[in-house]
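What follows is a single structure, written as structure tokens, with notes after it.
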Amino acid sequence: MQEDLTRSPSYTVTCEDYVHVVEFSPFSSGSPASLLAYGGNQYVMVGTCLFQEEDMEVDGVQFNALRAFHHDLRVDALAWSPESRLDRIPTIRFCTAAADRKLRLLTSDLQDQNEVKVMEGHGSYINHLVFEPTEGKQIASVSDDHTCRLWDLDGNETAVLRLRSPGMSVCWHPQDVFKLMVAEKKGTIRFYDLVTQQAILSLDCGHSGPLMSADWCLTNTIKVGAVVGNDWLIWDITRSRLFIDTSFLFRWSIANENLFATTGCPGKISSQVFIHHLGHPQPIMIGSSSVGSGLSWHRMLPLCVVGGDRKLCFWMTEM
């Protein structure tokens with residue numbers, strides 16, 4: 001590993017508490033700034049981020065806190081709705097998962113109207129969740145209870161996909177509301193047709209160790225990446241797979257289909273963030289963060305964020 005690849009964060013934002021999860025909204029907010037939410041022990045902070053690469057008048061990063069939402073428990077996972085916007089009548093909508101096996105759908109106008117709907121049905125820990133990305137009228141969640149469950153915005157469970165091992169990651173096709181990817185801990189990634197609720201394609205990691213995280217490249221949906229055991233793997237669905245290196249989380253860049261990031265295991269004294277480009281055999285950048293957790297990419301910039309102990313760390317790559 002080349003030492004000169006190691007970089008301190010390009011930007012940092014100070015937080016009041018430990019950050020367990022952090023997510024950029026992958027959707028336009030209707031304003032120049034991007035929506036960002038991070039979750040701590042009993043709260044979710046929602047704000048906007050604007051970077052000097054987007055506005056020359058900004059010095060580094062400008063984080064504007066919009067509202068802190070009380071959350072009964074520590075936030076373990078969070079997903080943004082495409083209906084969250086700041087133009088016209090501001091609307092914030094996101095969904096969280098916590099250790100009580102419940103989802104919480106929070107909707108706010110950032111004024112007086114705040115609504116929380118609690119969704120119950122999972123029988124064990126919820127690992128990941130996602131909104132349907134075109135209209136945001138459905139939510140999918142995966143759990144250690146060997147199910148992927150679909151919900152409407154009224155909190156009703158509309159479908160249950162039975163899995164063969166714990167569900168670790170779930171991703172929705174960016175244009176086709178009836179296509180869903182579900183990654184299971186035992187190393188199988190399936191693509192479902194939600195009309196028939198049947199798998200139409202599957203990928204087998206064929207690799208020792210549990211699958212910990214998977215992501216679908218939404219700007220080029222023939223690409224899938226995952227962390228299995230200590231290795232990250234990439235598939236071109238039309239061809240073959242390749243794998244290398246040691247990781248815990250895997251996330252594709254939204255701005256560049258050839259960029260992706262992986263992180264080391266959370267909870268260590270120092271966590272590393274590896275930024276990779278498909279055209280290079282080695283990472284193009286390595287970041288280090290004390291006790292890092294969470295990983296998310298900016299919607300327009302080749303920039304990713306990791307949470308940690310009372311701060312957010314952002315890394316910008318020039319690729």
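Letters for chains follow the order of the structure tokens (A, B, ...), residue numbers begin at 1 for each chain, and ligand numbers begin at 1 in the order shown.
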Write out as a tab-separated table the residues of stretch 24-89 of chain A that have any atom within 10 Å of an atom of stretch 284-298 of chain A, one row each with the nearest atom pair and its distance in Å to one decimal, counting only C-alpha atoms, sorted by chain and then rising number.
```
residue	atom	partner	partner_atom	distance
A:Phe24	CA	A:His298	CA	5.9
A:Ser25	CA	A:His298	CA	7.8
A:Pro26	CA	A:His298	CA	7.1
A:Phe27	CA	A:His298	CA	9.7
A:Ser34	CA	A:His298	CA	7.8
A:Leu35	CA	A:His298	CA	9.4
A:Leu36	CA	A:His298	CA	9.1
A:Tyr38	CA	A:Gly294	CA	9.1
A:Gly39	CA	A:Gly294	CA	9.8
A:Cys49	CA	A:His298	CA	9.6
A:Asp76	CA	A:Gly294	CA	9.5
A:Ala77	CA	A:Gly294	CA	8.9
```
For those residues, write N, CA, C and O atoms to a file as a PDB file, in the first residue's frame.
```
ATOM      1  N   PHE A  24     -25.996  10.969   2.336  1.00  0.00           N
ATOM      2  CA  PHE A  24     -26.409  11.999   1.390  1.00  0.00           C
ATOM      3  C   PHE A  24     -27.710  11.563   0.749  1.00  0.00           C
ATOM      4  O   PHE A  24     -27.903  10.377   0.447  1.00  0.00           O
ATOM      5  N   SER A  25     -28.614  12.512   0.489  1.00  0.00           N
ATOM      6  CA  SER A  25     -29.749  12.175  -0.362  1.00  0.00           C
ATOM      7  C   SER A  25     -29.241  11.994  -1.788  1.00  0.00           C
ATOM      8  O   SER A  25     -28.525  12.855  -2.313  1.00  0.00           O
ATOM      9  N   PRO A  26     -29.593  10.868  -2.445  1.00  0.00           N
ATOM     10  CA  PRO A  26     -29.162  10.670  -3.836  1.00  0.00           C
ATOM     11  C   PRO A  26     -30.036  11.414  -4.833  1.00  0.00           C
ATOM     12  O   PRO A  26     -29.853  11.280  -6.040  1.00  0.00           O
ATOM     13  N   PHE A  27     -30.982  12.217  -4.321  1.00  0.00           N
ATOM     14  CA  PHE A  27     -31.944  12.914  -5.172  1.00  0.00           C
ATOM     15  C   PHE A  27     -31.722  14.424  -5.091  1.00  0.00           C
ATOM     16  O   PHE A  27     -31.230  14.942  -4.096  1.00  0.00           O
ATOM     17  N   SER A  34     -26.963  19.990  -1.206  1.00  0.00           N
ATOM     18  CA  SER A  34     -27.410  18.601  -1.090  1.00  0.00           C
ATOM     19  C   SER A  34     -27.910  18.322   0.322  1.00  0.00           C
ATOM     20  O   SER A  34     -27.320  18.783   1.303  1.00  0.00           O
ATOM     21  N   LEU A  35     -28.993  17.558   0.406  1.00  0.00           N
ATOM     22  CA  LEU A  35     -29.484  17.132   1.710  1.00  0.00           C
ATOM     23  C   LEU A  35     -28.586  16.036   2.273  1.00  0.00           C
ATOM     24  O   LEU A  35     -28.134  15.146   1.547  1.00  0.00           O
ATOM     25  N   LEU A  36     -28.341  16.120   3.575  1.00  0.00           N
ATOM     26  CA  LEU A  36     -27.545  15.116   4.264  1.00  0.00           C
ATOM     27  C   LEU A  36     -28.166  14.878   5.634  1.00  0.00           C
ATOM     28  O   LEU A  36     -28.612  15.817   6.297  1.00  0.00           O
ATOM     29  N   TYR A  38     -27.543  12.614   9.365  1.00  0.00           N
ATOM     30  CA  TYR A  38     -26.725  11.686  10.141  1.00  0.00           C
ATOM     31  C   TYR A  38     -27.439  11.351  11.438  1.00  0.00           C
ATOM     32  O   TYR A  38     -28.195  12.160  11.982  1.00  0.00           O
ATOM     33  N   GLY A  39     -27.231  10.119  11.891  1.00  0.00           N
ATOM     34  CA  GLY A  39     -27.944   9.631  13.060  1.00  0.00           C
ATOM     35  C   GLY A  39     -27.003   9.307  14.198  1.00  0.00           C
ATOM     36  O   GLY A  39     -25.939   8.708  13.998  1.00  0.00           O
ATOM     37  N   CYS A  49     -25.514  20.473   2.632  1.00  0.00           N
ATOM     38  CA  CYS A  49     -24.077  20.638   2.412  1.00  0.00           C
ATOM     39  C   CYS A  49     -23.856  21.340   1.074  1.00  0.00           C
ATOM     40  O   CYS A  49     -24.467  20.966   0.062  1.00  0.00           O
ATOM     41  N   ASP A  76     -29.665   2.892  13.305  1.00  0.00           N
ATOM     42  CA  ASP A  76     -28.790   1.877  12.723  1.00  0.00           C
ATOM     43  C   ASP A  76     -28.747   1.923  11.202  1.00  0.00           C
ATOM     44  O   ASP A  76     -27.780   1.460  10.592  1.00  0.00           O
ATOM     45  N   ALA A  77     -29.787   2.441  10.573  1.00  0.00           N
ATOM     46  CA  ALA A  77     -29.818   2.557   9.113  1.00  0.00           C
ATOM     47  C   ALA A  77     -30.775   3.682   8.750  1.00  0.00           C
ATOM     48  O   ALA A  77     -31.710   3.979   9.509  1.00  0.00           O
TER      49      ALA A  77
END
```
Give me the residues within 7 Å of A:Glu257 as a ChimeraX atom specification, counting only C-alpha atoms and dropping any in the same chain fewer than 2 places off.
-> /A:217,219-220,253-255,259
Looking at A:Asp144, A:Arg101, A:Asn256, A:Ser28, which one is nearest to A:Asp87, with distances taken over only C-alpha atoms?
->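 Closest candidate: A:Ser28.
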Nearest to A:Met300 by atom-to-atom distance, counting only C-alpha atoms, from A:Asp72, A:Glu120, A:Asp17, A:Glu53 = A:Glu53
Coordinates-based distance that separates atom CA of A:Phe69 from atom CA of A:Tyr43 (Å, one decimal) = 5.4 Å
Stretch 96-284 of chain A: residues DSSP assigns to strand (DSSP E), reported as an MDAnalysis selection string = chainID A and resid 96:97 103:108 114:119 126:131 138:143 147:152 157:162 167:172 179:184 188:193 198:204 211:216 223:228 231:236 241:244 249:252 259:263 270:277
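Computed from the coordinates, the atom CA of A:Phe314 to atom CA of A:Glu54 distance equals 14.6 Å.
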Tell me, counting only C-alpha atoms, for each residue of stretch 184-257 of chain A within 6 Å of stretch 261-264 of chain A, which pair of atoms is nearest and how far apart they are in Å to one decimal, in rows ordered by chain and increasing number, as CSV.
```
residue,atom,partner,partner_atom,distance
A:Ser247,CA,A:Gly264,CA,4.9
A:Phe248,CA,A:Gly264,CA,5.0
A:Leu249,CA,A:Thr262,CA,5.3
A:Phe250,CA,A:Thr262,CA,4.7
A:Arg251,CA,A:Ala261,CA,5.4
```
Just-selected residues, N, CA and C atoms written as a short mmCIF file (atom, residue, chain, number, x, y, z; two decimals), in the first residue's frame:
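See again_14.cif below for the written result:
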```cif
data_model
loop_
_atom_site.label_atom_id
_atom_site.label_comp_id
_atom_site.auth_asym_id
_atom_site.auth_seq_id
_atom_site.Cartn_x
_atom_site.Cartn_y
_atom_site.Cartn_z
N SER A 247 -12.16 -5.34 3.15
CA SER A 247 -13.16 -4.29 3.31
C SER A 247 -14.30 -4.72 4.23
N PHE A 248 -15.19 -3.74 4.51
CA PHE A 248 -16.39 -4.01 5.29
C PHE A 248 -17.64 -3.49 4.59
N LEU A 249 -17.63 -2.23 4.14
CA LEU A 249 -18.75 -1.64 3.40
C LEU A 249 -18.33 -1.37 1.96
N PHE A 250 -19.31 -1.41 1.04
CA PHE A 250 -19.07 -1.14 -0.38
C PHE A 250 -20.13 -0.17 -0.87
N ARG A 251 -19.71 0.92 -1.52
CA ARG A 251 -20.66 1.87 -2.10
C ARG A 251 -20.12 2.40 -3.42
#
```
How many Å lie between atom CA of A:Glu184 and atom CA of A:Leu163, rounded to one decimal?
-> 7.4 Å
Any idea what's packed within 10 Å of stretch 128-133 of chain A, counting only C-alpha atoms, ignoring anything in its chain fewer than 5 positions away? Could you give it as a PyMOL selection string?
-> chain A and resi 26-27+76-83+94-97+103+138-143+148-152+167-180+213
Within 12 Å of A:Ile237, counting only C-alpha atoms, which residues qualify if same-chain residues fewer than 3 places away don't, as number ranges by chain?
-> A: 189-191, 201-204, 216-217, 220-225, 234, 240-242
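Restricting the calculation to only C-alpha atoms, the smallest distance between A:Thr317 and any of A:Tyr18, A:Tyr125, A:Phe274, A:Trp232 is found for A:Phe274.
With only C-alpha atoms taken into account, the protein and nucleic acid residues at most 10 Å from A:Gln111 (excluding it and anything under 6 positions from it in its own chain) are Arg67, Pro90 and Thr91 of chain A.
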Just the residues within 12 Å of A:Tyr11, please, counting only C-alpha atoms, with nothing from its chain fewer than 2 positions along; format it as a short mmCIF file (atom, residue, chain, number, x, y, z; two decimals) with N, CA, C and O atoms, in the first residue's frame.
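That gives us part.cif:
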```
data_model
loop_
_atom_site.label_atom_id
_atom_site.label_comp_id
_atom_site.auth_asym_id
_atom_site.auth_seq_id
_atom_site.Cartn_x
_atom_site.Cartn_y
_atom_site.Cartn_z
N ARG A 7 -4.64 10.19 2.71
CA ARG A 7 -5.07 11.58 2.77
C ARG A 7 -5.89 11.84 4.03
O ARG A 7 -6.72 11.01 4.41
N SER A 8 -5.68 12.98 4.62
CA SER A 8 -6.59 13.46 5.64
C SER A 8 -7.88 13.87 4.96
O SER A 8 -7.90 14.11 3.74
N PRO A 9 -8.99 13.97 5.71
CA PRO A 9 -10.24 14.39 5.06
C PRO A 9 -10.09 15.73 4.34
O PRO A 9 -9.39 16.63 4.83
N VAL A 13 -16.89 18.32 9.36
CA VAL A 13 -17.97 19.05 10.03
C VAL A 13 -18.08 18.49 11.44
O VAL A 13 -18.16 17.27 11.62
N THR A 14 -18.07 19.36 12.43
CA THR A 14 -18.16 18.93 13.82
C THR A 14 -19.59 18.60 14.20
O THR A 14 -20.53 19.30 13.82
N CYS A 49 -25.51 20.47 2.63
CA CYS A 49 -24.08 20.64 2.41
C CYS A 49 -23.86 21.34 1.07
O CYS A 49 -24.47 20.97 0.06
N LEU A 50 -22.99 22.32 1.09
CA LEU A 50 -22.57 22.98 -0.14
C LEU A 50 -21.04 23.06 -0.09
O LEU A 50 -20.48 23.48 0.92
N PHE A 51 -20.38 22.65 -1.17
CA PHE A 51 -18.93 22.57 -1.20
C PHE A 51 -18.35 23.62 -2.13
O PHE A 51 -19.03 24.11 -3.05
N GLN A 52 -17.08 23.97 -1.91
CA GLN A 52 -16.47 25.02 -2.71
C GLN A 52 -16.37 24.62 -4.18
O GLN A 52 -16.30 25.49 -5.06
N GLU A 53 -16.41 23.31 -4.47
CA GLU A 53 -16.42 22.87 -5.86
C GLU A 53 -17.74 23.20 -6.55
O GLU A 53 -17.82 23.21 -7.78
N ASP A 59 -16.13 28.51 1.50
CA ASP A 59 -14.79 28.16 1.95
C ASP A 59 -14.81 26.72 2.47
O ASP A 59 -15.21 26.45 3.59
N GLY A 60 -14.41 25.79 1.62
CA GLY A 60 -14.42 24.38 2.00
C GLY A 60 -15.81 23.81 1.91
O GLY A 60 -16.32 23.53 0.82
N VAL A 61 -16.45 23.60 3.07
CA VAL A 61 -17.81 23.07 3.12
C VAL A 61 -18.67 23.97 3.99
O VAL A 61 -18.22 24.48 5.02
N GLN A 62 -19.89 24.18 3.54
CA GLN A 62 -20.87 24.94 4.32
C GLN A 62 -21.99 23.99 4.72
O GLN A 62 -22.76 23.54 3.87
N PHE A 63 -22.05 23.64 6.01
CA PHE A 63 -23.11 22.76 6.50
C PHE A 63 -24.15 23.61 7.24
O PHE A 63 -23.81 24.34 8.17
N GLY A 287 -8.13 7.15 2.93
CA GLY A 287 -8.40 8.09 4.00
C GLY A 287 -8.40 7.37 5.33
O GLY A 287 -8.70 6.18 5.42
N SER A 289 -9.86 7.68 9.38
CA SER A 289 -10.77 8.36 10.29
C SER A 289 -10.83 7.59 11.60
O SER A 289 -10.88 6.36 11.59
N LEU A 303 -17.20 12.73 -4.26
CA LEU A 303 -16.92 13.01 -2.85
C LEU A 303 -17.74 12.07 -1.98
O LEU A 303 -18.93 11.88 -2.21
N CYS A 304 -17.10 11.45 -0.99
CA CYS A 304 -17.81 10.57 -0.08
C CYS A 304 -17.64 11.04 1.36
O CYS A 304 -16.72 11.80 1.69
N VAL A 305 -18.55 10.58 2.22
CA VAL A 305 -18.56 11.01 3.62
C VAL A 305 -18.61 9.78 4.52
O VAL A 305 -19.24 8.77 4.20
N VAL A 306 -17.93 9.87 5.66
CA VAL A 306 -17.94 8.84 6.70
C VAL A 306 -18.19 9.54 8.02
O VAL A 306 -17.67 10.64 8.27
N LYS A 311 -17.87 13.97 14.50
CA LYS A 311 -17.55 14.69 13.27
C LYS A 311 -17.96 13.88 12.04
O LYS A 311 -18.17 12.66 12.10
N LEU A 312 -18.10 14.60 10.95
CA LEU A 312 -18.27 14.02 9.62
C LEU A 312 -16.98 14.29 8.85
O LEU A 312 -16.44 15.40 8.90
N CYS A 313 -16.49 13.27 8.14
CA CYS A 313 -15.28 13.41 7.35
C CYS A 313 -15.60 13.22 5.87
O CYS A 313 -16.23 12.22 5.50
N PHE A 314 -15.19 14.18 5.04
CA PHE A 314 -15.48 14.16 3.60
C PHE A 314 -14.16 14.02 2.82
O PHE A 314 -13.19 14.71 3.13
N TRP A 315 -14.16 13.13 1.83
CA TRP A 315 -13.02 12.99 0.95
C TRP A 315 -13.42 13.28 -0.47
O TRP A 315 -14.37 12.71 -0.99
N MET A 316 -12.66 14.20 -1.11
CA MET A 316 -12.87 14.55 -2.50
C MET A 316 -11.76 13.91 -3.33
O MET A 316 -10.58 13.99 -2.96
N THR A 317 -12.13 13.26 -4.43
CA THR A 317 -11.11 12.74 -5.33
C THR A 317 -11.15 13.52 -6.63
O THR A 317 -12.21 14.00 -7.06
#
```
